[in-house]
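Structure file structure.cif; described as mmCIF, C-alpha atoms.
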data_work
loop_
_atom_site.group_PDB
_atom_site.id
_atom_site.type_symbol
_atom_site.label_atom_id
_atom_site.label_comp_id
_atom_site.auth_asym_id
_atom_site.auth_seq_id
_atom_site.Cartn_x
_atom_site.Cartn_y
_atom_site.Cartn_z
ATOM 1 C CA MET A 1 207.369 -34.958 21.201
ATOM 2 C CA SER A 2 208.229 -38.665 21.039
ATOM 3 C CA ILE A 3 205.534 -41.234 21.614
ATOM 4 C CA LEU A 4 207.314 -42.475 24.764
ATOM 5 C CA PHE A 5 207.392 -39.017 26.346
ATOM 6 C CA ALA A 6 203.699 -38.545 25.477
ATOM 7 C CA SER A 7 202.923 -41.868 27.223
ATOM 8 C CA PHE A 8 204.755 -40.666 30.335
ATOM 9 C CA ILE A 9 202.936 -37.318 30.328
ATOM 10 C CA ILE A 10 199.544 -39.055 30.000
ATOM 11 C CA ALA A 11 200.440 -41.478 32.816
ATOM 12 C CA VAL A 12 201.452 -38.542 35.035
ATOM 13 C CA ILE A 13 198.178 -36.733 34.252
ATOM 14 C CA LEU A 14 196.212 -39.898 35.166
ATOM 15 C CA LEU A 15 198.194 -40.331 38.411
ATOM 16 C CA PHE A 16 197.464 -36.699 39.310
ATOM 17 C CA THR A 17 193.774 -37.211 38.535
ATOM 18 C CA ILE A 18 193.663 -40.269 40.824
ATOM 19 C CA GLY A 19 195.483 -38.426 43.622
ATOM 20 C CA VAL A 20 193.398 -35.244 43.446
ATOM 21 C CA TYR A 21 190.096 -37.170 43.165
ATOM 22 C CA SER A 22 191.026 -39.277 46.178
ATOM 23 C CA LEU A 23 192.086 -36.158 48.140
ATOM 24 C CA LEU A 24 188.738 -34.530 47.429
ATOM 25 C CA MET A 25 186.582 -37.605 48.090
ATOM 26 C CA THR A 26 188.163 -39.202 51.150
ATOM 27 C CA ARG A 27 187.597 -38.238 54.776
ATOM 28 C CA ASN A 28 190.097 -40.629 56.337
ATOM 29 C CA LEU A 29 193.386 -39.017 57.402
ATOM 30 C CA MET A 30 195.497 -42.065 56.441
ATOM 31 C CA ARG A 31 193.874 -42.107 53.000
ATOM 32 C CA ILE A 32 194.725 -38.431 52.565
ATOM 33 C CA LEU A 33 198.358 -39.466 53.137
ATOM 34 C CA ILE A 34 197.997 -42.190 50.472
ATOM 35 C CA SER A 35 196.636 -39.590 48.028
ATOM 36 C CA VAL A 36 199.616 -37.313 48.686
ATOM 37 C CA GLU A 37 201.917 -40.309 48.112
ATOM 38 C CA ILE A 38 200.281 -40.958 44.726
ATOM 39 C CA LEU A 39 200.734 -37.301 43.759
ATOM 40 C CA THR A 40 204.414 -37.615 44.717
ATOM 41 C CA LYS A 41 204.725 -40.725 42.524
ATOM 42 C CA GLY A 42 203.432 -38.634 39.620
ATOM 43 C CA VAL A 43 206.073 -35.960 40.221
ATOM 44 C CA THR A 44 208.812 -38.621 40.472
ATOM 45 C CA LEU A 45 207.713 -40.241 37.204
ATOM 46 C CA LEU A 46 207.647 -36.847 35.442
ATOM 47 C CA LEU A 47 211.182 -36.016 36.635
ATOM 48 C CA ILE A 48 212.555 -39.368 35.473
ATOM 49 C CA ALA A 49 210.811 -39.054 32.079
ATOM 50 C CA ILE A 50 212.226 -35.556 31.549
ATOM 51 C CA GLY A 51 215.693 -36.769 32.572
ATOM 52 C CA TYR A 52 215.424 -39.628 30.053
ATOM 53 C CA VAL A 53 214.248 -37.427 27.182
ATOM 54 C CA THR A 54 216.769 -34.631 27.747
ATOM 55 C CA GLY A 55 219.687 -36.939 28.552
ATOM 56 C CA ARG A 56 220.148 -35.389 32.020
ATOM 57 C CA MET A 57 219.323 -38.553 33.943
ATOM 58 C CA ALA A 58 221.947 -37.914 36.619
ATOM 59 C CA ALA A 59 220.395 -34.559 37.530
ATOM 60 C CA ALA A 60 216.913 -36.119 37.473
ATOM 61 C CA GLN A 61 218.080 -38.879 39.821
ATOM 62 C CA ALA A 62 219.533 -36.299 42.221
ATOM 63 C CA TYR A 63 216.161 -34.502 42.329
ATOM 64 C CA VAL A 64 214.284 -37.787 42.771
ATOM 65 C CA ILE A 65 216.501 -38.771 45.714
ATOM 66 C CA THR A 66 215.799 -35.378 47.342
ATOM 67 C CA ILE A 67 212.055 -35.861 46.779
ATOM 68 C CA ILE A 68 212.167 -39.357 48.322
ATOM 69 C CA VAL A 69 213.925 -38.056 51.454
ATOM 70 C CA ILE A 70 211.359 -35.269 51.852
ATOM 71 C CA GLU A 71 208.528 -37.758 51.192
ATOM 72 C CA VAL A 72 209.590 -40.174 53.925
ATOM 73 C CA VAL A 73 210.072 -37.387 56.493
ATOM 74 C CA LEU A 74 206.659 -35.958 55.586
ATOM 75 C CA LEU A 75 205.075 -39.378 56.032
ATOM 76 C CA ALA A 76 206.778 -39.988 59.389
ATOM 77 C CA ILE A 77 205.719 -36.610 60.825
ATOM 78 C CA ALA A 78 202.209 -36.821 59.353
ATOM 79 C CA THR A 79 201.764 -40.311 60.826
ATOM 80 C CA GLY A 80 202.774 -38.976 64.247
ATOM 81 C CA ILE A 81 200.265 -36.115 63.949
ATOM 82 C CA ILE A 82 197.516 -38.482 62.741
ATOM 83 C CA LEU A 83 198.114 -40.925 65.599
ATOM 84 C CA GLY A 84 198.025 -38.006 68.059
ATOM 85 C CA ALA A 85 194.714 -36.839 66.575
ATOM 86 C CA TYR A 86 193.378 -40.417 66.713
ATOM 87 C CA ARG A 87 194.274 -40.798 70.396
ATOM 88 C CA LYS A 88 192.578 -37.499 71.268
ATOM 89 C CA ASN A 89 189.424 -37.926 69.145
ATOM 90 C CA ASP A 90 189.185 -41.721 68.704
ATOM 91 C CA THR A 91 188.571 -41.318 64.971
ATOM 92 C CA LEU A 92 190.471 -40.741 61.735
ATOM 93 C CA ASN A 93 187.448 -39.151 60.061
ATOM 94 C CA THR A 94 188.070 -35.492 59.220
ATOM 95 C CA GLY A 95 184.353 -34.789 59.587
ATOM 96 C CA PHE A 96 184.599 -35.417 63.348
ATOM 97 C CA LEU A 97 187.842 -33.515 63.979
ATOM 98 C CA ASN A 98 186.009 -30.322 64.926
ATOM 99 C CA ASN A 99 187.590 -29.479 68.279
ATOM 100 C CA LEU A 100 188.338 -25.974 67.021
ATOM 101 C CA LYS A 101 184.728 -25.752 65.787
ATOM 102 C CA GLY A 102 185.917 -24.845 62.300
ATOM 103 C CA MET B 1 209.982 -51.099 19.937
ATOM 104 C CA GLY B 2 209.643 -54.066 22.303
ATOM 105 C CA SER B 3 211.173 -51.987 25.071
ATOM 106 C CA PHE B 4 208.573 -49.265 24.426
ATOM 107 C CA PHE B 5 205.710 -51.752 24.795
ATOM 108 C CA ILE B 6 207.174 -53.034 28.066
ATOM 109 C CA ILE B 7 207.265 -49.436 29.368
ATOM 110 C CA VAL B 8 203.642 -48.866 28.288
ATOM 111 C CA ILE B 9 202.542 -52.078 30.037
ATOM 112 C CA LEU B 10 204.394 -50.984 33.177
ATOM 113 C CA LEU B 11 202.713 -47.553 33.018
ATOM 114 C CA LEU B 12 199.311 -49.267 32.709
ATOM 115 C CA ALA B 13 200.133 -51.460 35.719
ATOM 116 C CA LEU B 14 201.167 -48.324 37.638
ATOM 117 C CA ILE B 15 197.822 -46.629 36.940
ATOM 118 C CA VAL B 16 195.831 -49.778 37.807
ATOM 119 C CA SER B 17 197.678 -50.274 41.099
ATOM 120 C CA ALA B 18 197.157 -46.585 41.987
ATOM 121 C CA VAL B 19 193.407 -46.957 41.311
ATOM 122 C CA VAL B 20 193.287 -50.131 43.451
ATOM 123 C CA CYS B 21 195.194 -48.266 46.159
ATOM 124 C CA VAL B 22 192.588 -45.493 46.459
ATOM 125 C CA GLN B 23 189.524 -47.691 45.883
ATOM 126 C CA ILE B 24 190.204 -50.588 48.241
ATOM 127 C CA SER B 25 188.393 -50.239 51.552
ATOM 128 C CA VAL B 26 190.832 -52.018 53.917
ATOM 129 C CA LEU B 27 193.664 -49.664 54.938
ATOM 130 C CA VAL B 28 196.362 -52.357 55.222
ATOM 131 C CA LYS B 29 195.579 -53.595 51.704
ATOM 132 C CA ALA B 30 195.712 -49.974 50.486
ATOM 133 C CA GLY B 31 199.194 -49.712 52.046
ATOM 134 C CA ILE B 32 200.275 -52.887 50.254
ATOM 135 C CA ALA B 33 198.859 -51.572 46.957
ATOM 136 C CA LEU B 34 200.877 -48.380 47.512
ATOM 137 C CA ALA B 35 203.994 -50.517 47.956
ATOM 138 C CA VAL B 36 203.185 -52.336 44.690
ATOM 139 C CA THR B 37 202.801 -48.940 42.970
ATOM 140 C CA SER B 38 206.234 -47.923 44.260
ATOM 141 C CA ALA B 39 207.743 -51.225 43.134
ATOM 142 C CA ILE B 40 206.340 -50.791 39.593
ATOM 143 C CA LEU B 41 207.635 -47.208 39.515
ATOM 144 C CA SER B 42 211.084 -48.430 40.533
ATOM 145 C CA VAL B 43 211.033 -51.024 37.690
ATOM 146 C CA ILE B 44 210.182 -48.197 35.233
ATOM 147 C CA MET B 45 213.054 -46.126 36.630
ATOM 148 C CA PHE B 46 215.431 -49.069 36.297
ATOM 149 C CA ARG B 47 214.393 -49.624 32.671
ATOM 150 C CA LEU B 48 215.012 -45.946 31.907
ATOM 151 C CA GLY B 49 218.543 -46.170 33.323
ATOM 152 C CA ALA B 50 217.932 -44.473 36.698
ATOM 153 C CA ALA B 51 219.282 -47.354 38.768
ATOM 154 C CA LEU B 52 220.211 -45.340 41.874
ATOM 155 C CA ALA B 53 216.826 -43.604 42.075
ATOM 156 C CA ALA B 54 215.138 -46.987 41.477
ATOM 157 C CA ALA B 55 217.035 -48.520 44.415
ATOM 158 C CA PHE B 56 215.997 -45.577 46.622
ATOM 159 C CA GLU B 57 212.368 -45.836 45.499
ATOM 160 C CA LEU B 58 212.262 -49.580 46.131
ATOM 161 C CA SER B 59 213.960 -49.547 49.530
ATOM 162 C CA VAL B 60 212.455 -46.363 50.969
ATOM 163 C CA CYS B 61 209.039 -45.968 49.313
ATOM 164 C CA ALA B 62 208.118 -49.639 48.862
ATOM 165 C CA GLY B 63 209.855 -50.720 52.076
ATOM 166 C CA LEU B 64 210.186 -48.107 54.806
ATOM 167 C CA ILE B 65 207.028 -46.104 54.034
ATOM 168 C CA THR B 66 204.941 -49.309 53.934
ATOM 169 C CA VAL B 67 206.356 -50.354 57.318
ATOM 170 C CA ILE B 68 205.552 -46.918 58.841
ATOM 171 C CA PHE B 69 202.093 -46.975 57.281
ATOM 172 C CA ILE B 70 201.169 -50.491 58.433
ATOM 173 C CA SER B 71 202.561 -49.816 61.940
ATOM 174 C CA ALA B 72 200.371 -46.714 62.167
ATOM 175 C CA VAL B 73 197.299 -48.626 60.974
ATOM 176 C CA SER B 74 198.002 -51.411 63.496
ATOM 177 C CA MET B 75 197.791 -48.836 66.342
ATOM 178 C CA THR B 76 194.164 -48.038 65.487
ATOM 179 C CA LYS B 77 191.068 -50.027 66.495
ATOM 180 C CA ILE B 78 189.734 -52.932 64.437
ATOM 181 C CA MET B 79 186.333 -52.309 62.795
ATOM 182 C CA SER B 80 183.470 -54.737 63.226
ATOM 183 C CA LYS B 81 182.300 -56.648 60.145
ATOM 184 C CA GLU B 82 179.094 -54.583 59.882
ATOM 185 C CA GLU B 83 181.009 -51.298 60.081
ATOM 186 C CA LEU B 84 183.470 -52.536 57.480
ATOM 187 C CA ALA B 85 180.688 -53.604 55.110
ATOM 188 C CA GLU B 86 178.984 -50.224 55.492
ATOM 189 C CA LYS B 87 182.266 -48.373 54.884
ATOM 190 C CA ARG B 88 182.920 -50.552 51.822
ATOM 191 C CA ARG B 89 179.471 -49.753 50.373
ATOM 192 C CA GLU B 90 179.926 -46.035 51.022
ATOM 193 C CA ARG B 91 183.431 -46.080 49.519
ATOM 194 C CA ASN B 92 182.342 -48.007 46.423
ATOM 195 C CA LYS B 93 179.560 -45.453 45.876
ATOM 196 C CA ARG B 94 181.934 -42.504 46.296
ATOM 197 C CA PHE B 95 184.619 -43.917 43.998
ATOM 198 C CA ALA B 96 182.322 -45.453 41.363
ATOM 199 C CA SER B 97 182.862 -42.529 39.005
ATOM 200 C CA LEU B 98 186.689 -42.660 39.170
ATOM 201 C CA PRO B 99 187.194 -45.086 36.216
ATOM 202 C CA ALA B 100 184.851 -42.992 34.025
ATOM 203 C CA ILE B 101 186.709 -39.794 34.994
ATOM 204 C CA LEU B 102 190.033 -41.481 34.172
ATOM 205 C CA ILE B 103 188.759 -42.559 30.740
ATOM 206 C CA VAL B 104 187.550 -38.993 30.011
ATOM 207 C CA VAL B 105 190.879 -37.489 31.159
ATOM 208 C CA PHE B 106 192.793 -40.063 29.084
ATOM 209 C CA ALA B 107 190.727 -39.250 25.975
ATOM 210 C CA ALA B 108 191.166 -35.498 26.539
ATOM 211 C CA ALA B 109 194.941 -35.872 27.005
ATOM 212 C CA LEU B 110 195.204 -38.039 23.894
ATOM 213 C CA PHE B 111 193.151 -35.507 21.901
ATOM 214 C CA PHE B 112 195.409 -32.670 23.118
ATOM 215 C CA PHE B 113 198.743 -34.442 22.557
ATOM 216 C CA TRP B 114 197.920 -36.327 19.330
ATOM 217 C CA PRO B 115 198.931 -33.497 16.912
ATOM 218 C CA HIS B 116 202.272 -33.073 18.731
ATOM 219 C CA ILE B 117 203.292 -36.744 18.786
ATOM 220 C CA ASP B 118 205.776 -37.883 16.151
ATOM 221 C CA ALA B 119 206.234 -41.528 15.307
ATOM 222 C CA THR B 120 209.987 -41.615 15.957
ATOM 223 C CA LEU B 121 211.261 -44.538 17.934
ATOM 224 C CA PRO B 122 211.724 -43.434 21.510
ATOM 225 C CA PHE B 123 215.419 -43.573 22.250
ATOM 226 C CA ALA B 124 217.037 -41.720 25.110
ATOM 227 C CA ALA B 125 218.867 -38.482 24.364
ATOM 228 C CA SER B 126 222.630 -38.869 24.643
ATOM 229 C CA ALA B 127 223.739 -38.776 28.258
ATOM 230 C CA GLN B 128 225.624 -35.633 29.190
ATOM 231 C CA GLY B 129 228.542 -37.263 30.997
ATOM 232 C CA ASP B 130 227.709 -36.419 34.589
ATOM 233 C CA THR B 131 227.251 -38.783 37.517
ATOM 234 C CA VAL B 132 224.704 -38.599 40.314
ATOM 235 C CA GLN B 133 227.526 -38.519 42.865
ATOM 236 C CA ASN B 134 229.167 -35.538 41.120
ATOM 237 C CA ILE B 135 225.879 -33.641 40.973
ATOM 238 C CA LEU B 136 224.935 -34.360 44.585
ATOM 239 C CA TRP B 137 228.365 -33.745 46.159
ATOM 240 C CA ASN B 138 229.812 -31.002 43.930
ATOM 241 C CA LYS B 139 226.978 -29.129 42.248
ATOM 242 C CA ARG B 140 224.021 -29.336 44.598
ATOM 243 C CA GLN B 141 225.457 -29.306 48.118
ATOM 244 C CA VAL B 142 222.570 -27.085 49.234
ATOM 245 C CA ASP B 143 220.215 -29.988 48.454
ATOM 246 C CA LEU B 144 222.277 -32.251 50.694
ATOM 247 C CA ILE B 145 222.258 -29.707 53.525
ATOM 248 C CA GLY B 146 218.494 -29.346 53.042
ATOM 249 C CA GLN B 147 218.033 -33.111 53.164
ATOM 250 C CA ALA B 148 220.083 -33.373 56.375
ATOM 251 C CA VAL B 149 218.100 -30.548 58.012
ATOM 252 C CA ILE B 150 214.778 -32.073 56.930
ATOM 253 C CA MET B 151 215.809 -35.470 58.320
ATOM 254 C CA LEU B 152 216.789 -33.896 61.665
ATOM 255 C CA ILE B 153 213.468 -32.025 61.766
ATOM 256 C CA GLY B 154 211.717 -35.316 60.967
ATOM 257 C CA VAL B 155 213.467 -37.158 63.789
ATOM 258 C CA TYR B 156 212.693 -34.299 66.216
ATOM 259 C CA GLY B 157 209.070 -34.164 65.091
ATOM 260 C CA VAL B 158 208.533 -37.908 65.470
ATOM 261 C CA MET B 159 210.156 -37.842 68.939
ATOM 262 C CA VAL B 160 207.922 -34.964 70.064
ATOM 263 C CA PHE B 161 204.694 -36.502 68.752
ATOM 264 C CA PHE B 162 205.364 -39.986 70.102
ATOM 265 C CA ARG B 163 206.532 -38.638 73.473
ATOM 266 C CA GLU B 164 203.310 -36.633 73.816
ATOM 267 C CA SER B 165 201.229 -39.679 73.015
ATOM 268 C CA ASP B 166 203.182 -41.758 75.585
ATOM 269 C CA LYS B 167 202.374 -39.233 78.329
ATOM 270 C CA GLU B 168 198.676 -39.547 77.586
#
Structure translated into structure tokens:
Amino acid sequence: MSILFASFIIAVILLFTIGVYSLLMTRNLMRILISVEILTKGVTLLLIAIGYVTGRMAAAQAYVITIIVIEVVLLAIATGIILGAYRKNDTLNTGFLNNLKG
Amino acid sequence: MGSFFIIVILLLALIVSAVVCVQISVLVKAGIALAVTSAILSVIMFRLGAALAAAFELSVCAGLITVIFISAVSMTKIMSKEELAEKRRERNKRFASLPAILIVVFAAALFFFWPHIDATLPFAASAQGDTVQNILWNKRQVDLIGQAVIMLIGVYGVMVFFRESDKE
């Protein structure tokens, strides 16, 4: 393993740690979206690093473009759902979204 | 070797901006920090030779997603200064251990990978003579169909959710 690829892998692991820690610790719906975005950044970085190391950068770019399209659609729909929840409950805190008494 | 150090500095900046993004208490600033993270990621992509993906990352993730995010935040109520200060205190307490956890994870990853790292200069493997256009249009048409379907679902979903909220 080259030292560059190891640096990328460590950066991806750190990005995943940040994203998962934030997902577990936050109660704000918009911040949950930010955490998911950071996890997606980690996946994107891993794909590009693998494409660079294996010489298949074109294939890696194709996958990254697909991921970006899915990411933006996810964010648009999730924002719509979050705004709907906010209008109904007047809060973004997941601790208070207990209409189903779960 | 200089190029390698630039990449390492960019990776460090990426991690720092991601930490700022989750730790900062004001949502709009968190959105801007997310945009900065995307911009740094696109610079890394550009340096690795993924120019098309870098352009997508910069325009969509650093641009469009930030616009959607800040528009959504602007539709919510403004907090009072006391509420904001209390939230900031609570958030700082909850995220105080994040830097320590990151240092431990970094040390563990370094310990695990150290025996497998060789000191060769990190050059890219030889490119295998394929273009992104060829892959997207000729080899992975199913991906394109999937992307089109997902975009249509996205448009439909946004229309439904925003129409419902208009009725209310």
Note to self: Which residues are close to Ile70 (chain A), i.e. within 9 Å by only C-alpha atoms, leaving aside same-chain residues fewer than 3 positions away? Reply as a ChimeraX atom specification.
What the structure shows: /A:65-67,73-75 /B:147,150-151
Starting from chain A, keep only residues with some atom at most 6 Å from an atom of chain B, counting only C-alpha atoms, and report them as an MDAnalysis selection string. chainID A and resid 1:4 52:55 58 61:62 73 77 80
Q) region 24-30 of chain A: which residues within 6 Å, counting only C-alpha atoms, same-chain residues fewer than 3 positions away excluded, as a list in words? A) Tyr21, Leu33, Leu92, Asn93 and Thr94 of chain A
Item checked: A:Ile9, A:Ala60, A:Ile34, A:Leu83 ranked by distance to Leu47 (chain A), top pick (using only C-alpha atoms) ->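 Under the stated criterion, the closest residue is A:Ala60.
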Give me the residues within 8 Å of region 37-40 of chain A as a VMD selection string, counting only C-alpha atoms and dropping any in the same chain fewer than 2 places off.
-> (chain A and resid 15 to 16 18 to 20 33 to 35 42 to 44 71) or (chain B and resid 18 34)
Exercise for the section: Find the distance between CA of Ala35 (chain B) and CA of Leu46 (chain A) and write it in Å to one decimal. Expected result: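 Between these atoms lies a distance of 18.9 Å.
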